[in-house]
Every structure is written in structure tokens, then in C-alpha cells.
file target.cif (mmCIF, C-alpha atoms and all ligand atoms)
data_coords
#
loop_
_atom_site.label_atom_id
_atom_site.label_comp_id
_atom_site.auth_asym_id
_atom_site.auth_seq_id
_atom_site.Cartn_x
_atom_site.Cartn_y
_atom_site.Cartn_z
CA MET S 1 129.68 52.19 132.88
CA ALA S 2 131.24 48.83 132.07
CA GLN S 3 128.26 47.09 133.67
CA SER S 4 126.02 49.03 131.30
CA GLY S 5 127.99 47.78 128.30
CA ALA S 6 130.65 50.44 127.74
CA SER S 7 134.18 49.45 126.75
CA VAL S 8 136.31 51.52 129.09
CA LEU S 9 139.83 52.84 128.69
CA VAL S 10 140.89 53.49 132.28
CA ASN S 11 143.55 56.19 132.30
CA ASP S 12 145.59 57.09 135.36
CA ILE S 13 149.13 58.37 135.65
CA ASP S 14 149.28 56.01 138.62
CA VAL S 15 149.14 52.87 136.51
CA GLU S 16 148.67 50.56 139.51
CA GLU S 17 145.37 52.30 140.27
CA ALA S 18 144.26 51.97 136.63
CA LYS S 19 145.21 48.27 136.70
CA LYS S 20 143.03 47.67 139.78
CA VAL S 21 139.99 49.18 138.05
CA VAL S 22 140.61 47.29 134.82
CA CYS S 23 140.96 43.97 136.69
CA GLU S 24 137.75 44.68 138.60
CA ILE S 25 135.87 45.36 135.35
CA GLN S 26 137.32 42.31 133.60
CA ASP S 27 136.60 40.04 136.58
CA ALA S 28 132.98 41.16 136.41
CA GLY S 29 132.84 40.26 132.72
CA GLY S 30 133.24 43.80 131.33
CA LYS S 31 135.58 45.22 128.71
CA ALA S 32 138.41 47.50 129.84
CA LYS S 33 141.97 48.44 128.93
CA ILE S 34 144.68 50.25 130.87
CA SER S 35 146.33 53.50 129.87
CA ALA S 36 148.77 55.66 131.82
CA HIS S 37 148.99 58.98 130.01
CA ASP S 38 149.77 62.20 131.84
CA ILE S 39 146.82 64.44 131.03
CA SER S 40 148.68 67.58 132.12
CA SER S 41 150.26 67.77 128.65
CA ARG S 42 148.65 68.16 125.23
CA LYS S 43 150.63 65.16 123.97
CA GLY S 44 149.43 62.96 126.84
CA CYS S 45 145.80 63.83 126.08
CA SER S 46 146.21 63.31 122.35
CA ASN S 47 147.83 59.90 122.94
CA LEU S 48 145.07 58.96 125.38
CA ILE S 49 142.24 59.72 122.94
CA ASP S 50 144.12 58.03 120.07
CA GLN S 51 144.64 54.95 122.22
CA CYS S 52 140.93 54.79 123.01
CA ALA S 53 140.00 54.98 119.33
CA ALA S 54 142.65 52.36 118.46
CA GLU S 55 141.55 49.95 121.22
CA PHE S 56 137.80 50.23 120.74
CA GLY S 57 137.23 51.74 117.28
CA SER S 58 135.66 55.01 118.46
CA VAL S 59 135.43 57.51 121.28
CA ASP S 60 131.79 57.98 122.27
CA ILE S 61 132.08 59.08 125.89
CA LEU S 62 134.74 61.05 127.74
CA VAL S 63 134.79 61.40 131.52
CA ASN S 64 137.31 64.04 132.61
CA ASN S 65 138.02 62.96 136.16
CA ALA S 66 141.75 63.20 136.96
CA GLY S 67 142.63 65.72 139.62
CA ILE S 68 144.94 66.78 142.42
CA LEU S 69 144.76 69.14 145.38
CA ARG S 70 147.48 71.60 146.44
CA ASP S 71 145.60 73.62 149.06
CA LYS S 72 147.05 76.90 150.39
CA SER S 73 145.51 80.24 151.20
CA LEU S 74 146.08 83.03 148.67
CA LEU S 75 148.83 84.71 150.68
CA LYS S 76 150.91 81.50 150.77
CA MET S 77 150.25 79.93 147.38
CA THR S 78 153.20 79.40 145.02
CA ASP S 79 153.13 79.40 141.22
CA GLU S 80 153.95 75.68 141.27
CA GLU S 81 150.90 74.97 143.44
CA PHE S 82 148.67 77.09 141.22
CA ASP S 83 150.00 75.83 137.87
CA SER S 84 150.01 72.12 138.71
CA VAL S 85 146.33 72.23 139.75
CA TRP S 86 145.41 74.42 136.77
CA ASN S 87 147.23 72.18 134.25
CA ILE S 88 145.72 68.92 135.39
CA HIS S 89 142.16 70.10 135.93
CA VAL S 90 141.67 72.83 133.35
CA LYS S 91 144.14 72.12 130.58
CA GLY S 92 143.73 68.34 130.90
CA THR S 93 139.96 68.75 130.57
CA PHE S 94 140.41 71.18 127.66
CA TRP S 95 142.87 69.00 125.74
CA CYS S 96 141.10 65.65 126.25
CA SER S 97 137.75 67.21 125.33
CA GLN S 98 139.16 68.86 122.22
CA TYR S 99 140.64 65.58 120.91
CA ALA S 100 137.58 63.53 121.89
CA ALA S 101 135.14 66.04 120.36
CA LEU S 102 137.12 66.01 117.10
CA LYS S 103 136.79 62.20 116.99
CA MET S 104 133.06 62.41 117.81
CA LYS S 105 132.56 65.03 115.08
CA GLU S 106 134.48 62.94 112.51
CA SER S 107 132.48 59.81 113.33
CA GLY S 108 129.17 61.68 112.97
CA GLY S 109 127.79 59.59 115.84
CA GLY S 110 127.63 62.32 118.48
CA GLY S 111 128.83 61.67 122.00
CA SER S 112 128.83 62.69 125.62
CA ILE S 113 131.46 64.55 127.61
CA ILE S 114 131.25 64.59 131.39
CA ASN S 115 133.50 66.97 133.27
CA THR S 116 134.24 66.98 136.97
CA THR S 117 133.78 70.18 138.90
CA SER S 118 133.19 70.79 142.61
CA GLY S 119 131.17 72.98 144.95
CA ALA S 120 134.60 74.50 145.70
CA HIS S 121 134.08 76.73 142.66
CA PHE S 122 131.54 78.70 144.73
CA GLY S 123 134.59 79.77 146.78
CA ASN S 124 136.36 77.84 149.51
CA PHE S 125 139.02 78.80 152.04
CA GLY S 126 142.50 77.58 151.02
CA GLN S 127 141.52 76.63 147.48
CA THR S 128 142.43 79.55 145.19
CA ASN S 129 143.90 77.14 142.61
CA TYR S 130 141.29 74.37 142.90
CA ALA S 131 138.27 76.71 143.09
CA ALA S 132 139.53 78.62 140.04
CA ALA S 133 140.12 75.39 138.13
CA LYS S 134 136.71 73.96 138.99
CA GLY S 135 135.04 77.28 138.07
CA ALA S 136 136.84 77.21 134.72
CA ILE S 137 135.61 73.64 134.18
CA ALA S 138 132.02 74.73 134.90
CA SER S 139 132.36 77.60 132.39
CA MET S 140 133.89 75.31 129.76
CA THR S 141 130.98 72.90 130.29
CA TYR S 142 128.41 75.61 129.50
CA THR S 143 130.43 76.83 126.51
CA TRP S 144 131.02 73.41 124.94
CA ALA S 145 127.35 72.43 125.36
CA ILE S 146 126.50 75.47 123.22
CA GLU S 147 129.28 74.88 120.67
CA LEU S 148 129.05 71.10 120.22
CA SER S 149 125.29 70.44 120.13
CA LYS S 150 125.34 70.75 116.33
CA TYR S 151 127.48 67.59 116.23
CA GLY S 152 125.15 65.72 118.61
CA ILE S 153 127.66 66.03 121.44
CA ARG S 154 126.27 66.71 124.91
CA VAL S 155 128.46 68.21 127.62
CA ASN S 156 127.60 68.04 131.31
CA ALA S 157 129.51 67.97 134.58
CA ILE S 158 129.24 66.47 138.01
CA GLY S 159 130.30 67.77 141.40
CA PRO S 160 130.97 64.39 143.07
CA THR S 161 131.51 63.40 146.68
CA GLY S 162 133.34 60.33 147.89
CA SER S 163 135.89 59.00 150.34
CA THR S 164 138.97 58.79 148.13
CA ARG S 165 142.70 59.44 148.28
CA MET S 166 141.88 63.07 147.48
CA SER S 167 139.37 63.47 150.30
CA ALA S 168 141.94 61.92 152.67
CA THR S 169 144.37 64.72 151.72
CA PHE S 170 141.63 67.24 152.38
CA ALA S 171 141.05 65.79 155.85
CA SER S 172 144.74 65.88 156.74
CA SER S 173 145.15 69.49 155.53
CA LYS S 174 142.33 70.45 157.89
CA ASN S 175 143.91 68.42 160.73
CA MET S 176 140.89 66.13 160.82
CA ASP S 177 141.06 62.45 161.55
CA ASN S 178 140.04 60.81 158.29
CA ASP S 179 138.82 57.72 160.15
CA ASN S 180 136.23 59.85 161.91
CA LEU S 181 134.83 61.33 158.71
CA SER S 182 131.72 59.57 157.55
CA PHE S 183 132.48 57.23 154.67
CA ILE S 184 130.89 58.09 151.33
CA ASP S 185 131.16 55.29 148.82
CA PRO S 186 132.77 56.86 145.73
CA THR S 187 131.04 54.32 143.49
CA SER S 188 127.76 56.08 144.40
CA ASN S 189 128.77 58.67 141.76
CA GLY S 190 128.85 56.06 138.99
CA PRO S 191 125.14 55.79 138.12
CA LEU S 192 124.80 59.53 137.39
CA ILE S 193 127.89 59.51 135.16
CA THR S 194 126.53 56.47 133.33
CA TYR S 195 123.09 58.06 133.03
CA LEU S 196 124.53 61.32 131.63
CA SER S 197 126.56 59.38 129.07
CA SER S 198 123.51 57.39 127.88
CA HIS S 199 120.60 58.10 125.56
CA LEU S 200 118.40 58.49 128.65
CA ALA S 201 120.01 61.92 128.97
CA ASN S 202 119.36 63.03 125.37
CA LYS S 203 117.69 66.23 126.57
CA ILE S 204 120.43 67.15 129.04
CA SER S 205 123.41 69.31 128.10
CA GLY S 206 125.24 72.22 129.73
CA GLN S 207 124.13 71.08 133.20
CA ILE S 208 125.96 70.30 136.41
CA PHE S 209 124.73 67.88 139.06
CA GLY S 210 126.02 67.37 142.58
CA CYS S 211 126.13 63.67 143.45
CA GLY S 212 127.62 61.09 145.76
CA GLY S 213 126.14 59.36 148.80
CA GLN S 214 122.39 59.92 148.98
CA ARG S 215 122.45 63.29 147.21
CA LEU S 216 121.36 64.28 143.69
CA ALA S 217 121.35 68.05 143.23
CA LEU S 218 121.22 70.50 140.36
CA MET S 219 124.14 72.91 140.60
CA VAL S 220 122.65 76.09 139.15
CA GLN S 221 124.53 78.29 136.70
CA PRO S 222 125.56 81.76 137.77
CA HIS S 223 123.20 84.25 136.16
CA TYR S 224 122.22 87.91 136.41
CA GLY S 225 119.98 88.54 139.42
CA LYS S 226 118.24 91.78 140.41
CA THR S 227 118.86 94.24 137.58
CA LEU S 228 118.15 97.98 137.48
CA GLN S 229 118.12 100.15 134.35
CA LYS S 230 118.53 103.91 134.05
CA ASP S 231 118.30 106.29 131.12
CA GLU S 232 121.94 107.31 131.63
CA SER S 233 124.97 105.44 132.99
CA TRP S 234 125.37 104.98 136.74
CA SER S 235 127.34 107.52 138.85
CA ILE S 236 129.00 106.59 142.18
CA GLN S 237 126.19 108.43 144.00
CA ASP S 238 123.51 106.61 141.96
CA ILE S 239 125.12 103.26 142.79
CA ASP S 240 125.36 104.10 146.50
CA GLY S 241 121.70 105.16 146.48
CA VAL S 242 120.46 101.72 145.38
CA MET S 243 123.07 99.44 146.99
CA GLU S 244 120.95 98.59 150.07
CA GLY S 245 118.46 96.97 147.70
CA PHE S 246 121.23 94.78 146.29
CA ILE S 247 122.62 93.90 149.74
CA ASP S 248 119.19 92.51 150.65
CA GLU S 249 119.61 90.13 147.71
CA PHE S 250 123.07 88.81 148.68
CA LYS S 251 122.98 85.05 149.00
CA ASN S 252 125.03 82.75 151.19
CA LEU S 253 128.73 82.72 150.39
CA GLY S 254 131.13 79.94 149.44
CA MET S 255 131.02 76.16 149.28
CA LEU S 256 129.94 75.96 152.93
CA SER S 257 127.05 78.28 152.04
CA LEU S 258 127.48 80.44 155.12
CA PRO S 259 125.01 83.32 155.53
CA TYR S 260 126.50 86.49 154.01
CA PRO S 261 129.19 87.24 156.64
CA PHE S 262 130.02 90.88 155.87
CA HIS S 263 126.87 92.79 156.92
CA GLU S 264 128.89 94.56 159.64
CA GLY S 265 131.60 95.54 157.09
CA VAL S 266 135.14 94.37 156.38
CA PHE S 267 137.77 96.49 158.12
CA PRO S 268 141.55 96.35 158.72
CA PRO S 269 142.57 94.90 162.11
CA SER S 270 143.62 98.35 163.40
CA LEU S 271 140.11 99.76 162.89
CA LYS S 272 138.43 96.67 164.35
CA GLU S 273 140.42 97.09 167.58
CA ASP S 274 139.03 100.62 167.96
N1 LIG U 1 136.42 63.09 146.48
C1 LIG U 1 135.58 64.09 146.54
O1 LIG U 1 134.80 64.24 147.52
C2 LIG U 1 135.53 65.09 145.42
C3 LIG U 1 134.73 66.24 145.58
C4 LIG U 1 134.62 67.14 144.53
C5 LIG U 1 135.30 66.88 143.35
N2 LIG U 1 136.10 65.78 143.22
C6 LIG U 1 136.78 65.60 141.94
O2 LIG U 1 136.62 64.23 141.52
C7 LIG U 1 137.72 63.86 140.70
C8 LIG U 1 138.29 62.54 141.19
O3 LIG U 1 138.89 62.76 142.45
P1 LIG U 1 139.03 61.62 143.58
O4 LIG U 1 138.38 62.15 144.81
O5 LIG U 1 138.60 60.31 143.03
O6 LIG U 1 140.60 61.68 143.83
P2 LIG U 1 141.74 60.58 143.61
O7 LIG U 1 143.01 61.25 144.03
O8 LIG U 1 141.38 59.31 144.27
O9 LIG U 1 141.71 60.33 142.04
C9 LIG U 1 142.25 61.24 141.10
C10 LIG U 1 143.11 60.42 140.16
O10 LIG U 1 143.65 61.32 139.16
C11 LIG U 1 144.93 60.80 138.82
N3 LIG U 1 145.76 61.84 138.21
C12 LIG U 1 146.28 62.93 138.82
N4 LIG U 1 147.02 63.63 137.95
C13 LIG U 1 146.96 62.98 136.77
C14 LIG U 1 147.54 63.23 135.49
N5 LIG U 1 148.33 64.30 135.27
N6 LIG U 1 147.28 62.37 134.48
C15 LIG U 1 146.49 61.28 134.69
N7 LIG U 1 145.92 60.99 135.89
C16 LIG U 1 146.15 61.84 136.92
C17 LIG U 1 145.50 60.36 140.17
O11 LIG U 1 146.59 59.44 140.00
C18 LIG U 1 144.30 59.78 140.87
O12 LIG U 1 144.22 58.35 140.77
C19 LIG U 1 138.71 65.03 140.74
O13 LIG U 1 138.55 65.82 139.58
C20 LIG U 1 138.27 65.79 141.98
O14 LIG U 1 138.65 67.16 141.91
C21 LIG U 1 136.22 64.88 144.22
#

call {"tool": "encode", "arguments": {"input": "target.cif", "output": "C-alpha cells"}}
result
Amino acid sequence: MAQSGASVLVNDIDVEEAKKVVCEIQDAGGKAKISAHDISSRKGCSNLIDQCAAEFGSVDILVNNAGILRDKSLLKMTDEEFDSVWNIHVKGTFWCSQYAALKMKESGGGGSIINTTSGAHFGNFGQTNYAAAKGAIASMTYTWAIELSKYGIRVNAIGPTGSTRMSATFASSKNMDNDNLSFIDPTSNGPLITYLSSHLANKISGQIFGCGGQRLALMVQPHYGKTLQKDESWSIQDIDGVMEGFIDEFKNLGMLSLPYPFHEGVFPPSLKED
């Protein structure tokens, strides 16, 4: 984004990481400033957006990118694990976007908000908190695109891929050797983010793209599929009578897009043993 002329406020609670990015931008002749606000609080987000306006005179683009993982299966997940992921991803995105959109509305110059979701929101083992948060971010993206278009503000999201500190955590939680995972350059996500924030994307809002590595994919919105109508409401027997037709329509399940795995039924262990 800096290469394309944006002045960038690089925010990270880990200020050393933010410093590295700012130095890299400045060394390449770009404009960047450091900030270290904690986006898991309303105050942190408000200070962050105020700092951006104070440093550069306006807030035209917001990229909501900060995130953490606290993977556990449902039966083991604690409130702390759920809340910390929810606060950083969902509330941080909500608060930063609210403050940035207010500034964009006041300026009258429109703007672009880019959220970060993940294919995990399709469902992924061990990611109750993260999948829920990324699903909420996708839903907020659709909603804000509808609400904010009247101010000339476009809202899109990406589902990135890249070898980062986060993906290293993912590898270790799955007992995989990170060195053996194929490297995906995280900077390969940059051009799409820059494109979405530019006038080239004037016609694009409320959309989510998968990116990273050699991939560019449209992540389609959930929508109603096969729909049946009756003159009266549906009884249990009516529903059972047409369910085979719906089962034929079931798509692959989860982020790994496995073929629908429950055609043989889902039964308690005691029944399976019989
Ligand atoms: N790496 C992937 O393959 C992948 C896949 C799908 C989605 N994502 C998403 O991409 C985004 C970036 O992740 P990444 O892979 O670069 O991980 P990362 O851990 O390298 O970067 C996330 C950054 O967010 C910062 N952060 C965490 N909590 C914060 C807070 N409260 N306030 C301010 N900063 C905070 C961290 O210090 C860290 O530098 C995340 O939203 C992640 O969920 C990544």
C-alpha cells in the first residue's frame, strides 16, 4: 500500500513488529508511522483512529488485520479462550470500523474498509472461537457494505494465506513440523488489499476474496438454496417426506471441504458398536 502511495499507520500491540514494518516502508521511500494500540478495547481503537487522523490528516482506508488463535475443541474450550479471540477479531474490527467510518463520513470523501476473515468460518475442527469470530466478520462485512454505501464507503474482506507467526502456531497445535510446510509468502496478500482499497475497486463492496500464494478466489456468501413452498406450514411428517431431496443438495462440509460425511448417520458410540 505504501508503494502505491498510501501513508500507513502500522498498528501492532507488539510494537517491535510494527517498527520493523515502518522501517521497511521508510527505507523504501514510503510514508509510515508506528502505533501500538490494543484493539481489543474500545479506547484502543478510538485512539488508533484518532492517531491516524492526527498523523496524516484523514482516515481513508482501514485494514482490520490483527488476530490471535486459541484453538481448542468445543468440549475443552474455556471462556478466556473464547473471549480473547472474540474481542480481538470481532470487537476490534467493530470498534475500529465504527471510528474509521465516522471519520470517513465526516470528511465526505468516502473510503474503503477491508476486514480479514478466513475459510475457517465454514467450520473447522478445534476452532469454535476463531470460526465464530471469522463468521461474524464476514456477516459484518455484508452488513456494513449495505449501510455505508451512501457515504461512499466500500467494505470488503479477504481470507488470506501466508506463512506467519500465526500459521506457525497452527502447525504446532496440529503437531506438524512447520519447516516442512510449504512456505507461502505473506506479502502475496498485499496486492489484493491495495487493489480493494483503490479506485480500481469502485464497483466492489460486500465481497470476500480468498488470496495468498497463487490463489485468487471469490468466497461466496451463504444464501438460501433449494426452497420449497406449501399452502400451509410444514408438519414433521411433511418435512420428513421431502428431506431426501434436500440431502441430495448437501454440499461439502467445513474449511477442508470434505464430502458430506454423515450420509450413514451420526450415532452415539454405544449404537455404533452394535
Ligand atoms: N496466516 C494465515 O494463513 C491466515 C489465514 C487466514 C486468516 N488469517 C488472518 O490474517 C490476519 C493476520 O494474521 P497473521 O497470519 O499475519 O498472524 P500474525 O500473528 O503474524 O499477525 C497478527 C498480528 O496481530 C497483532 N495483534 C494481536 N492482538 C492484537 C491487539 N489486541 N491489538 C493490536 N494488535 C494485535 C499481533 O501482535 C500480530 O503481530 C489475522 O486476522 C488472521 O486471523 C491468517

call {"tool": "residues_near_ligand", "arguments": {"input": "target.cif", "ligand": "ligand LIG 1 (chain U)", "cutoff": "8 Å", "atoms": "all atoms listed in the file", "output": "mmCIF file with C-alpha atoms, keeping the file's coordinate frame"}}
result
data_model
loop_
_atom_site.group_PDB
_atom_site.id
_atom_site.type_symbol
_atom_site.label_atom_id
_atom_site.label_comp_id
_atom_site.auth_asym_id
_atom_site.auth_seq_id
_atom_site.Cartn_x
_atom_site.Cartn_y
_atom_site.Cartn_z
ATOM 1 C CA ASN S 11 143.550 56.190 132.300
ATOM 2 C CA ASP S 12 145.590 57.090 135.360
ATOM 3 C CA ILE S 13 149.130 58.370 135.650
ATOM 4 C CA ASP S 14 149.280 56.010 138.620
ATOM 5 C CA VAL S 15 149.140 52.870 136.510
ATOM 6 C CA GLU S 17 145.370 52.300 140.270
ATOM 7 C CA ALA S 18 144.260 51.970 136.630
ATOM 8 C CA ALA S 36 148.770 55.660 131.820
ATOM 9 C CA HIS S 37 148.990 58.980 130.010
ATOM 10 C CA ASP S 38 149.770 62.200 131.840
ATOM 11 C CA ILE S 39 146.820 64.440 131.030
ATOM 12 C CA SER S 40 148.680 67.580 132.120
ATOM 13 C CA SER S 41 150.260 67.770 128.650
ATOM 14 C CA GLY S 44 149.430 62.960 126.840
ATOM 15 C CA ASN S 64 137.310 64.040 132.610
ATOM 16 C CA ASN S 65 138.020 62.960 136.160
ATOM 17 C CA ALA S 66 141.750 63.200 136.960
ATOM 18 C CA GLY S 67 142.630 65.720 139.620
ATOM 19 C CA ILE S 68 144.940 66.780 142.420
ATOM 20 C CA LEU S 69 144.760 69.140 145.380
ATOM 21 C CA ILE S 88 145.720 68.920 135.390
ATOM 22 C CA HIS S 89 142.160 70.100 135.930
ATOM 23 C CA GLY S 92 143.730 68.340 130.900
ATOM 24 C CA THR S 116 134.240 66.980 136.970
ATOM 25 C CA THR S 117 133.780 70.180 138.900
ATOM 26 C CA SER S 118 133.190 70.790 142.610
ATOM 27 C CA GLY S 119 131.170 72.980 144.950
ATOM 28 C CA ALA S 120 134.600 74.500 145.700
ATOM 29 C CA TYR S 130 141.290 74.370 142.900
ATOM 30 C CA LYS S 134 136.710 73.960 138.990
ATOM 31 C CA GLY S 159 130.300 67.770 141.400
ATOM 32 C CA PRO S 160 130.970 64.390 143.070
ATOM 33 C CA THR S 161 131.510 63.400 146.680
ATOM 34 C CA GLY S 162 133.340 60.330 147.890
ATOM 35 C CA SER S 163 135.890 59.000 150.340
ATOM 36 C CA THR S 164 138.970 58.790 148.130
ATOM 37 C CA ARG S 165 142.700 59.440 148.280
ATOM 38 C CA MET S 166 141.880 63.070 147.480
ATOM 39 C CA SER S 167 139.370 63.470 150.300
ATOM 40 C CA PRO S 186 132.770 56.860 145.730
#

call {"tool": "closest_residue", "arguments": {"input": "target.cif", "among": "S:Arg154, S:Arg70, S:Lys272, S:Lys103", "to": "S:Leu200", "atoms": "all atoms listed in the file"}}
result
S:Arg154

call {"tool": "closest_residue", "arguments": {"input": "target.cif", "among": "S:Ile184, S:Leu102, S:Cys52, S:Ala132", "to": "S:Leu148", "atoms": "all atoms listed in the file"}}
result
S:Leu102

call {"tool": "closest_residue", "arguments": {"input": "target.cif", "among": "S:Asn129, S:Thr141, S:Ser35, S:Thr78", "to": "S:Val21", "atoms": "only C-alpha atoms"}}
result
S:Ser35

call {"tool": "closest_residue", "arguments": {"input": "target.cif", "among": "S:Ser112, S:Ala32, S:Asp238, S:Leu256", "to": "S:Tyr151", "atoms": "only C-alpha atoms"}}
result
S:Ser112

call {"tool": "residues_around", "arguments": {"input": "target.cif", "residues": "S:Val59", "least_positions_apart": "4", "cutoff": "9 Å", "atoms": "all atoms listed in the file", "output": "list in words"}}
result
Ile49, Asp50, Cys52, Ala53, Ala100, Ala101, Lys103, Met104, Ser107 and Gly111 of chain S

call {"tool": "closest_residue", "arguments": {"input": "target.cif", "among": "S:Asn189, S:Thr93, S:Ser257, S:Asn202", "to": "S:Arg215", "atoms": "all atoms listed in the file"}}
result
S:Asn189

call {"tool": "atom_distance", "arguments": {"input": "target.cif", "atom1": "atom CA of S:Val90", "atom2": "atom CA of S:Ala133"}}
result
5.6 Å
